[in-house]
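To keep things clear, I will list the structure first and then write my remarks on it.
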Amino acid sequence: MGVGMFASVDLYCERLGPEFWAEPVNAITNLVFVMAGLWGVVASRRNGSGRFVEVLGWWVVAIGVGSFLFHTFADRMTIWLDIVPIATLVVVYAFFALHRFAGYGATASAAILVGFLVVSGVLTLLVPDSLRIATNNTTGYLPAFLAMLVFGALCLWRGSHAGWYLLAAGAIFVLSAACRVADPVVCDTFPVGTHFLWHVLNGAMLWVVLAAAVRFGRHASA
């Protein structure tokens, strides 16, 4: 079983034991993140979108690798390899969107972002435990979802068509969140679960946000 940071974690329908390959479908579908990230790297170089957009592509690759390690080793240490790349990408991309898409200066972008993180963080903390448990901890992704909606709308208001990409990404996230919520519910009838669809749809979502960065990220479009 392991102790401390190496204690096994069993969060998904597909996993029936602590073995490395106990979640093959959940593990393999992380390739979608890797493919989306590599597309972003190649597309940013081809379009001359800038070094930072290329870094965003590699960041998405890191999400896929971290998630793969968690869905194979599945312990308290590798769970952070799953969480940290996602959380940091949300923050960095939000700043990027405010600065490059919406055209705010660096100071204003940072101030707006901090305010948003405080408000969205408080809203997440206010979610009742009953709802958090009922949604399979999916409410923890509320700040990321709100970021796509709020900053997508803000970009459109500032005249950047990148906002449509962020809103589309938010719509995809609704579907992926539904799959994450359904995972423990369908175990009896569908042992593989639906968490792998969370990976596939979120990979598509990240492809959309990378496409926005590739197309609109070199200069502020407002």
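Chain labels follow the order of the structure tokens: the first chain is A, the next B, and so on; residue numbering restarts at 1 in every chain, and ligands are counted from 1 in their shown order.
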
Hey, what's within 12 Å of A:Ile86 if we count only C-alpha atoms and toss same-chain stuff fewer than 2 positions away? As an NGL selection string, please? :A and (33 or 56 or 59-67 or 79-84 or 88-93 or 140-141 or 143-144 or 202-203 or 206)

Next, the residues of the selection above should be written as a short mmCIF file (atom, residue, chain, number, x, y, z; two decimals), in the first residue's frame with C-alpha atoms.
data_model
loop_
_atom_site.label_atom_id
_atom_site.label_comp_id
_atom_site.auth_asym_id
_atom_site.auth_seq_id
_atom_site.Cartn_x
_atom_site.Cartn_y
_atom_site.Cartn_z
CA PHE A 33 -2.63 16.30 -24.13
CA LEU A 56 2.64 27.13 -23.59
CA TRP A 59 3.37 23.24 -20.79
CA VAL A 60 0.43 21.27 -22.19
CA VAL A 61 2.80 18.38 -22.94
CA ALA A 62 3.86 18.52 -19.27
CA ILE A 63 0.21 18.24 -18.24
CA GLY A 64 -0.08 15.03 -20.24
CA VAL A 65 3.11 13.58 -18.77
CA GLY A 66 2.14 14.52 -15.21
CA SER A 67 -1.33 13.06 -15.59
CA ILE A 79 -0.93 13.55 -7.72
CA TRP A 80 1.02 16.82 -7.50
CA LEU A 81 2.54 16.13 -10.91
CA ASP A 82 -1.08 16.09 -12.13
CA ILE A 83 -2.29 19.17 -10.23
CA VAL A 84 0.59 21.65 -10.44
CA THR A 88 0.00 26.99 -13.10
CA LEU A 89 -1.09 26.91 -16.75
CA VAL A 90 -4.45 28.43 -15.81
CA VAL A 91 -2.74 31.34 -14.05
CA VAL A 92 -0.10 31.92 -16.71
CA TYR A 93 -2.53 31.64 -19.62
CA GLY A 140 -12.15 22.44 -7.70
CA TYR A 141 -11.88 23.38 -11.37
CA PRO A 143 -11.68 28.96 -11.23
CA ALA A 144 -10.45 27.52 -14.56
CA ASN A 202 -9.82 18.53 -22.04
CA GLY A 203 -7.15 17.76 -24.61
CA LEU A 206 -6.39 22.87 -24.58
#

Near-A:Thr138 list (8 Å; only C-alpha atoms; drop same-chain fewer than 2 positions) as a PyMOL selection string: chain A and resi 132+135-136+140-142+177+180-181

Would you output that residue set with C-alpha atoms, as a PDB file, in the first residue's frame?
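Result file part06.pdb:
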ATOM      1  CA  ARG A 132     -18.048  18.887  -3.980  1.00  0.00           C
ATOM      2  CA  THR A 135     -19.444  16.220  -8.370  1.00  0.00           C
ATOM      3  CA  ASN A 136     -16.392  14.009  -7.745  1.00  0.00           C
ATOM      4  CA  GLY A 140     -12.149  22.440  -7.704  1.00  0.00           C
ATOM      5  CA  TYR A 141     -11.881  23.385 -11.374  1.00  0.00           C
ATOM      6  CA  LEU A 142     -14.388  26.229 -10.983  1.00  0.00           C
ATOM      7  CA  ALA A 177     -16.742  18.107 -16.415  1.00  0.00           C
ATOM      8  CA  ARG A 180     -15.661  13.524 -14.646  1.00  0.00           C
ATOM      9  CA  VAL A 181     -18.801  13.773 -12.525  1.00  0.00           C
TER      10      VAL A 181
END

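Taking atom CA of A:Thr124 and atom CA of A:Phe196 as the two end points, the separation is 24.4 Å.
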
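Straight-line separation from atom CA of A:Ile172 to atom CA of A:Pro24: 23.9 Å.
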
Taking only stretch 131-209 of chain A into account, list the residues labelled helix (DSSP H, G or I) by DSSP (computed from the backbone), as JSON, numbers by chain. {"A": [131, 132, 133, 134, 138, 139, 140, 141, 142, 143, 144, 145, 146, 147, 148, 149, 150, 151, 152, 153, 154, 155, 156, 157, 162, 163, 164, 165, 166, 167, 168, 169, 170, 171, 172, 173, 174, 175, 176, 177, 178, 179, 180, 181, 182, 195, 196, 197, 198, 199, 200, 201, 202, 203, 204, 205, 206, 207, 208, 209]}

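By only C-alpha atoms, and with residues fewer than 5 positions from A:Thr107 along its chain excluded, the set lying at most 12 Å from it is Phe95, Leu98, His99, Ile112, Leu113 and Val114 of chain A.
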
Neighbours of A:Phe101 within 12 Å (only C-alpha atoms; same-chain residues fewer than 2 positions away dropped), as a ChimeraX atom specification? /A:93-99,103-105,109,151-166,209,212-222

Which polymer residues have any atom within 10 Å of an atom of A:Ala182, counting only C-alpha atoms, with same-chain residues fewer than 5 positions away left out, as a PyMOL selection string? chain A and resi 13+134-136+176-177+187+193-195

Limited to C-alpha atoms, could you put the picked residues into a file as a tab-separated table (two decimals), in the first residue's frame?
chain	number	residue	atom	x	y	z
A	13	CYS	CA	-13.72	3.89	-11.56
A	134	ALA	CA	-21.44	14.78	-5.46
A	135	THR	CA	-19.44	16.22	-8.37
A	136	ASN	CA	-16.39	14.01	-7.75
A	176	SER	CA	-15.61	17.19	-19.94
A	177	ALA	CA	-16.74	18.11	-16.42
A	187	CYS	CA	-18.85	1.96	-12.42
A	193	GLY	CA	-15.63	4.63	-16.30
A	194	THR	CA	-15.80	7.97	-18.07
A	195	HIS	CA	-12.71	9.70	-16.71

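Between atom CA of A:Phe145 and atom CA of A:Leu167 lies a distance of 9.6 Å.
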
Near-A:Ala169 list (7 Å; only C-alpha atoms; drop same-chain fewer than 5 positions) as a ChimeraX atom specification: /A:148,205,208-209

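Distance check against A:Val9 using only C-alpha atoms: of A:His71, A:Leu31, A:Ser44, A:Asn26, the minimum falls on A:His71.
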